[in-house]
$ cat entry.pdb   # PDB, C-alpha atoms, pLDDT in the B column
ATOM      1  CA  MET A 751      15.698  14.330  -1.303  1.00 50.00           C
ATOM      2  CA  LYS A 752      17.336  11.672   0.847  1.00 65.00           C
ATOM      3  CA  THR A 753      19.458   8.965  -0.744  1.00 88.00           C
ATOM      4  CA  TRP A 754      17.675   5.896  -2.028  1.00 90.00           C
ATOM      5  CA  TYR A 755      19.696   3.639   0.297  1.00 93.00           C
ATOM      6  CA  CYS A 756      18.704   5.648   3.361  1.00 93.00           C
ATOM      7  CA  LEU A 757      15.023   5.514   2.370  1.00 95.00           C
ATOM      8  CA  LEU A 758      15.250   1.792   1.615  1.00 95.00           C
ATOM      9  CA  VAL A 759      16.671   1.062   5.077  1.00 96.00           C
ATOM     10  CA  ALA A 760      14.187   3.416   6.743  1.00 96.00           C
ATOM     11  CA  GLY A 761      11.276   1.868   4.835  1.00 96.00           C
ATOM     12  CA  CYS A 762      12.327  -1.660   5.850  1.00 96.00           C
ATOM     13  CA  ALA A 763      12.736  -0.611   9.495  1.00 97.00           C
ATOM     14  CA  GLY A 764       9.396   1.206   9.552  1.00 97.00           C
ATOM     15  CA  THR A 765       7.639  -1.715   7.893  1.00 96.00           C
ATOM     16  CA  SER A 766       9.121  -4.141  10.431  1.00 96.00           C
ATOM     17  CA  VAL A 767       7.866  -2.079  13.377  1.00 96.00           C
ATOM     18  CA  MET A 768       4.503  -1.606  11.700  1.00 94.00           C
ATOM     19  CA  THR A 769       4.126  -5.322  10.989  1.00 92.00           C
ATOM     20  CA  LEU A 770       4.767  -6.278  14.603  1.00 90.00           C
ATOM     21  CA  PHE A 771       2.211  -3.739  15.753  1.00 88.00           C
ATOM     22  CA  LEU A 772      -0.363  -5.019  13.233  1.00 85.00           C
ATOM     23  CA  PHE A 773       0.004  -8.543  14.606  1.00 84.00           C
ATOM     24  CA  LEU A 774      -0.597  -7.322  18.163  1.00 79.00           C
ATOM     25  CA  PRO A 775      -4.447  -7.338  18.153  1.00 74.00           C
ATOM     26  CA  ARG A 776      -4.528 -10.893  16.808  1.00 75.00           C
ATOM     27  CA  TRP A 777      -1.886 -12.147  19.244  1.00 80.00           C
ATOM     28  CA  ALA A 778      -3.686 -10.472  22.163  1.00 78.00           C
ATOM     29  CA  GLY A 779      -7.027 -11.942  21.104  1.00 76.00           C
ATOM     30  CA  TRP A 780      -8.643  -8.548  20.491  1.00 72.00           C
ATOM     31  CA  SER A 781      -9.329  -9.155  16.820  1.00 69.00           C
ATOM     32  CA  LYS A 782      -9.582 -12.136  14.482  1.00 67.00           C
ATOM     33  CA  VAL A 783      -8.281 -10.378  11.407  1.00 65.00           C
ATOM     34  CA  ASP A 784      -4.798 -11.081  10.073  1.00 78.00           C
ATOM     35  CA  VAL A 785      -4.293  -7.987   7.917  1.00 79.00           C
ATOM     36  CA  ILE A 786      -1.217  -9.302   6.102  1.00 84.00           C
ATOM     37  CA  LYS A 787      -2.940 -12.518   5.045  1.00 83.00           C
ATOM     38  CA  ALA A 788      -6.143 -10.613   4.217  1.00 82.00           C
ATOM     39  CA  GLY A 789      -4.195  -8.383   1.833  1.00 82.00           C
ATOM     40  CA  GLY A 790      -2.617 -11.371   0.119  1.00 86.00           C
ATOM     41  CA  ALA A 791      -5.967 -13.161  -0.087  1.00 84.00           C
ATOM     42  CA  LEU A 792      -7.304 -10.235  -2.125  1.00 82.00           C
ATOM     43  CA  LEU A 793      -4.936 -11.291  -4.912  1.00 84.00           C
ATOM     44  CA  VAL A 794      -4.479 -15.053  -4.598  1.00 85.00           C
ATOM     45  CA  GLY A 795      -7.596 -16.140  -2.721  1.00 78.00           C
ATOM     46  CA  MET A 796      -7.552 -18.076   0.495  1.00 76.00           C
ATOM     47  CA  ASN A 797      -4.666 -20.483   0.107  1.00 75.00           C
ATOM     48  CA  ALA A 798      -1.195 -21.194   1.420  1.00 80.00           C
ATOM     49  CA  ARG A 799       0.360 -18.345  -0.594  1.00 87.00           C
ATOM     50  CA  ALA A 800      -1.894 -15.640   0.862  1.00 86.00           C
ATOM     51  CA  PHE A 801       0.422 -14.777   3.765  1.00 89.00           C
ATOM     52  CA  ALA A 802       3.596 -14.680   1.652  1.00 92.00           C
ATOM     53  CA  THR A 803       1.863 -12.608  -1.023  1.00 92.00           C
ATOM     54  CA  GLY A 804       0.471 -10.223   1.590  1.00 91.00           C
ATOM     55  CA  MET A 805       3.862  -9.842   3.258  1.00 93.00           C
ATOM     56  CA  GLY A 806       5.510  -9.102  -0.087  1.00 94.00           C
ATOM     57  CA  ILE A 807       2.925  -6.441  -0.903  1.00 93.00           C
ATOM     58  CA  HIS A 808       3.253  -4.999   2.591  1.00 93.00           C
ATOM     59  CA  LEU A 809       7.060  -4.748   2.360  1.00 95.00           C
ATOM     60  CA  VAL A 810       7.066  -3.205  -1.124  1.00 96.00           C
ATOM     61  CA  MET A 811       4.452  -0.652  -0.114  1.00 95.00           C
ATOM     62  CA  GLY A 812       6.317   0.109   3.130  1.00 95.00           C
ATOM     63  CA  VAL A 813       9.501   0.899   1.242  1.00 96.00           C
ATOM     64  CA  GLY A 814       7.583   2.812  -1.424  1.00 96.00           C
ATOM     65  CA  PHE A 815       5.846   5.002   1.129  1.00 96.00           C
ATOM     66  CA  SER A 816       9.174   5.984   2.682  1.00 96.00           C
ATOM     67  CA  PHE A 817      10.073   7.485  -0.707  1.00 96.00           C
ATOM     68  CA  LEU A 818       6.668   9.200  -0.955  1.00 95.00           C
ATOM     69  CA  TYR A 819       7.106  10.669   2.536  1.00 95.00           C
ATOM     70  CA  ALA A 820      10.522  12.016   1.482  1.00 94.00           C
ATOM     71  CA  VAL A 821       9.087  13.565  -1.683  1.00 93.00           C
ATOM     72  CA  PHE A 822       6.210  15.178   0.230  1.00 93.00           C
ATOM     73  CA  LEU A 823       8.502  16.561   2.921  1.00 91.00           C
ATOM     74  CA  GLY A 824      10.952  17.733   0.264  1.00 89.00           C
ATOM     75  CA  PHE A 825       8.229  19.787  -1.411  1.00 92.00           C
ATOM     76  CA  SER A 826       7.043  21.183   1.911  1.00 92.00           C
ATOM     77  CA  HIS A 827      10.593  22.075   3.010  1.00 90.00           C
ATOM     78  CA  LEU A 828       9.982  20.411   6.380  1.00 91.00           C
ATOM     79  CA  PRO A 829      12.753  18.298   7.905  1.00 92.00           C
ATOM     80  CA  PHE A 830      12.403  14.535   7.746  1.00 92.00           C
ATOM     81  CA  ASN A 831      12.582  13.453  11.378  1.00 95.00           C
ATOM     82  CA  THR A 832      10.661  11.409  13.937  1.00 96.00           C
ATOM     83  CA  LEU A 833       7.993  14.067  14.486  1.00 96.00           C
ATOM     84  CA  THR A 834       7.247  14.851  10.835  1.00 96.00           C
ATOM     85  CA  GLY A 835       7.319  11.129  10.073  1.00 96.00           C
ATOM     86  CA  ALA A 836       4.790  10.459  12.847  1.00 97.00           C
ATOM     87  CA  LEU A 837       2.580  13.296  11.599  1.00 96.00           C
ATOM     88  CA  LEU A 838       2.589  11.902   8.060  1.00 96.00           C
ATOM     89  CA  GLY A 839       2.015   8.442   9.497  1.00 96.00           C
ATOM     90  CA  SER A 840      -1.050   9.660  11.384  1.00 96.00           C
ATOM     91  CA  LEU A 841      -2.561  11.160   8.220  1.00 96.00           C
ATOM     92  CA  HIS A 842      -1.657   8.051   6.257  1.00 94.00           C
ATOM     93  CA  GLY A 843      -3.087   5.878   9.057  1.00 92.00           C
ATOM     94  CA  VAL A 844      -6.463   7.625   9.103  1.00 92.00           C
ATOM     95  CA  VAL A 845      -6.834   7.117   5.353  1.00 91.00           C
ATOM     96  CA  VAL A 846      -5.785   3.470   5.557  1.00 84.00           C
ATOM     97  CA  MET A 847      -7.934   2.848   8.622  1.00 81.00           C
ATOM     98  CA  LEU A 848     -10.996   4.077   6.757  1.00 81.00           C
ATOM     99  CA  LEU A 849     -10.148   2.299   3.508  1.00 79.00           C
ATOM    100  CA  VAL A 850      -9.399  -1.015   5.193  1.00 73.00           C
ATOM    101  CA  ALA A 851     -12.317  -0.907   7.611  1.00 69.00           C
ATOM    102  CA  ILE A 852     -14.951   0.308   5.173  1.00 72.00           C
ATOM    103  CA  LEU A 853     -13.980  -0.660   1.653  1.00 65.00           C
ATOM    104  CA  ILE A 854     -11.727  -3.689   1.885  1.00 68.00           C
ATOM    105  CA  MET A 855     -13.085  -5.596   4.888  1.00 68.00           C
ATOM    106  CA  GLU A 856     -16.754  -5.142   3.973  1.00 72.00           C
ATOM    107  CA  HIS A 857     -16.180  -6.194   0.366  1.00 72.00           C
ATOM    108  CA  HIS A 858     -13.391  -8.766   0.790  1.00 70.00           C
ATOM    109  CA  PRO A 859     -14.025 -11.894  -1.323  1.00 74.00           C
ATOM    110  CA  VAL A 860     -13.197 -14.134   1.662  1.00 70.00           C
ATOM    111  CA  ALA A 861     -16.078 -13.966   4.147  1.00 68.00           C
ATOM    112  CA  ARG A 862     -13.947 -14.544   7.253  1.00 69.00           C
ATOM    113  CA  TYR A 863     -12.285 -11.153   6.699  1.00 68.00           C
ATOM    114  CA  HIS A 864     -15.598  -9.351   7.091  1.00 66.00           C
ATOM    115  CA  GLU A 865     -15.225  -9.836  10.851  1.00 68.00           C
ATOM    116  CA  ARG A 866     -13.432  -6.949  12.443  1.00 65.00           C
ATOM    117  CA  GLY A 867     -13.724  -4.710  15.417  1.00 66.00           C
ATOM    118  CA  PRO A 868     -12.458  -1.342  16.538  1.00 69.00           C
ATOM    119  CA  ALA A 869      -9.127  -2.943  17.447  1.00 68.00           C
ATOM    120  CA  THR A 870      -8.431  -3.552  13.754  1.00 72.00           C
ATOM    121  CA  GLY A 871      -8.873   0.104  12.809  1.00 75.00           C
ATOM    122  CA  LEU A 872      -6.978   1.362  15.841  1.00 79.00           C
ATOM    123  CA  ALA A 873      -4.157  -1.069  15.118  1.00 80.00           C
ATOM    124  CA  HIS A 874      -3.893   0.364  11.593  1.00 83.00           C
ATOM    125  CA  LEU A 875      -3.782   3.906  12.885  1.00 88.00           C
ATOM    126  CA  GLY A 876      -1.202   3.122  15.568  1.00 90.00           C
ATOM    127  CA  ALA A 877       0.880   1.041  13.168  1.00 92.00           C
ATOM    128  CA  HIS A 878       1.062   3.868  10.643  1.00 94.00           C
ATOM    129  CA  ILE A 879       2.049   6.407  13.282  1.00 96.00           C
ATOM    130  CA  LEU A 880       4.827   4.058  14.428  1.00 97.00           C
ATOM    131  CA  TYR A 881       5.815   3.438  10.812  1.00 97.00           C
ATOM    132  CA  GLY A 882       6.186   7.170  10.098  1.00 97.00           C
ATOM    133  CA  ALA A 883       8.032   7.820  13.349  1.00 97.00           C
ATOM    134  CA  THR A 884      10.429   4.940  12.702  1.00 97.00           C
ATOM    135  CA  VAL A 885      11.085   5.995   9.124  1.00 97.00           C
ATOM    136  CA  GLY A 886      11.744   9.575  10.238  1.00 96.00           C
ATOM    137  CA  TRP A 887      13.991   8.414  13.076  1.00 96.00           C
ATOM    138  CA  VAL A 888      16.073   6.179  10.800  1.00 96.00           C
ATOM    139  CA  VAL A 889      16.383   8.927   8.161  1.00 94.00           C
ATOM    140  CA  GLY A 890      17.515  11.305  10.913  1.00 90.00           C
ATOM    141  CA  LEU A 891      20.120   8.809  12.105  1.00 91.00           C
ATOM    142  CA  MET A 892      21.495   8.174   8.633  1.00 89.00           C
ATOM    143  CA  ASN A 893      21.804  11.830   7.617  1.00 80.00           C
TER     144      ASN A 893
END
$ encode --input "entry.pdb" --output "structure tokens"
Amino acid sequence: MKTWYCLLVAGCAGTSVMTLFLFLPRWAGWSKVDVIKAGGALLVGMNARAFATGMGIHLVMGVGFSFLYAVFLGFSHLPFNTLTGALLGSLHGVVVMLLVAILIMEHHPVARYHERGPATGLAHLGAHILYGATVGWVVGLMN
């Protein structure tokens, strides 16, 4: 398995790239959903702390998933690089895209987060592919 420091840096880098990509549909006007704030609002309701809470959850999970990717690839004996990271990110993205679009957005306690379009799901898929590719690239650079 890769060193914890390498995976921490890779997870932070991947999460940063992913976060920028998740903001893209909202900034471009394609979607009204702010996925970071929506995640925080699940825990703290719709208030001023929702964005900060969502960003904290997002960062912790981003770092955590870099470790899970390393464990999975370690068991499979595949190298941890940009390609295998992107492949894991695509699988991860499909699961998240379905969970977010079907379970979370339809049943979110804040009604404004029920509005979503195909751009939201596609942004999740693309963001996870970029996350995995970035994590794999950084791990490759550091090893």
$ atom_distance --input "entry.pdb" --atom1 "atom CA of Gly761 of chain A" --atom2 "atom CA of His874 of chain A"
16.7 Å
$ atom_distance --input "entry.pdb" --atom1 "atom CA of Val845 of chain A" --atom2 "atom CA of Thr753 of chain A"
27.1 Å
$ residues_around --input "entry.pdb" --residues "Gly814 of chain A" --least-positions-apart "2" --cutoff "12 Å" --atoms "only C-alpha atoms" --output "count of residues only"
22
$ resolve_selection --input "entry.pdb" --expression "the PyMOL selection byres ((chain A and resi 893) around 12)" --output "list in words"
Met751, Lys752, Thr753, Tyr755, Cys756, Leu757, Ala760, Pro829, Phe830, Asn831, Gly886, Trp887, Val888, Val889, Gly890, Leu891 and Met892 of chain A
$ residues_around --input "entry.pdb" --residues "Phe771 of chain A" --least-positions-apart "6" --cutoff "9 Å" --atoms "all atoms listed in the file" --output "ChimeraX atom specification"
/A:873-874,876-877,880
$ write_last_selection --input "entry.pdb" --atoms "C-alpha atoms" --output "PDB file, in the frame of the given file"
ATOM      1  CA  ALA A 873      -4.157  -1.069  15.118  1.00 80.00           C
ATOM      2  CA  HIS A 874      -3.893   0.364  11.593  1.00 83.00           C
ATOM      3  CA  GLY A 876      -1.202   3.122  15.568  1.00 90.00           C
ATOM      4  CA  ALA A 877       0.880   1.041  13.168  1.00 92.00           C
ATOM      5  CA  LEU A 880       4.827   4.058  14.428  1.00 97.00           C
TER       6      LEU A 880
END
$ atom_distance --input "entry.pdb" --atom1 "atom CA of Gly790 of chain A" --atom2 "atom CA of His842 of chain A"
20.4 Å
$ axis_aligned_box --input "entry.pdb" --around "segment 796-800 of chain A" --padding-each-side "5 Å" --output "lines of an AutoDock Vina configuration file"
center_x = -3.6
center_y = -18.4
center_z = 0.4
size_x = 17.9
size_y = 15.6
size_z = 12.0
$ closest_residue --input "entry.pdb" --among "A:Ala798, A:Ile786, A:Leu875, A:Val813" --to "Ala763 of chain A" --atoms "all atoms listed in the file"
A:Val813
$ closest_residue --input "entry.pdb" --among "A:Ala778, A:Val785, A:Leu823, A:Ala802" --to "Gly835 of chain A" --atoms "all atoms listed in the file"
A:Leu823
$ residues_around --input "entry.pdb" --residues "Val846 of chain A" --least-positions-apart "3" --cutoff "9 Å" --atoms "only C-alpha atoms" --output "JSON, numbers by chain"
{"A": [841, 842, 843, 849, 850, 851, 871, 874, 875, 878]}
$ closest_residue --input "entry.pdb" --among "A:Trp777, A:Leu770, A:Leu848, A:Gly824" --to "Leu872 of chain A" --atoms "all atoms listed in the file"
A:Leu848
$ closest_residue --input "entry.pdb" --among "A:Leu774, A:Val860, A:Val767, A:Tyr881" --to "Gly795 of chain A" --atoms "only C-alpha atoms"
A:Val860
$ closest_residue --input "entry.pdb" --among "A:Arg776, A:Leu837, A:Leu792, A:Ser766" --to "His858 of chain A" --atoms "all atoms listed in the file"
A:Leu792
$ closest_residue --input "entry.pdb" --among "A:Gly882, A:Gly839, A:Pro775, A:Pro859" --to "Val794 of chain A" --atoms "all atoms listed in the file"
A:Pro859
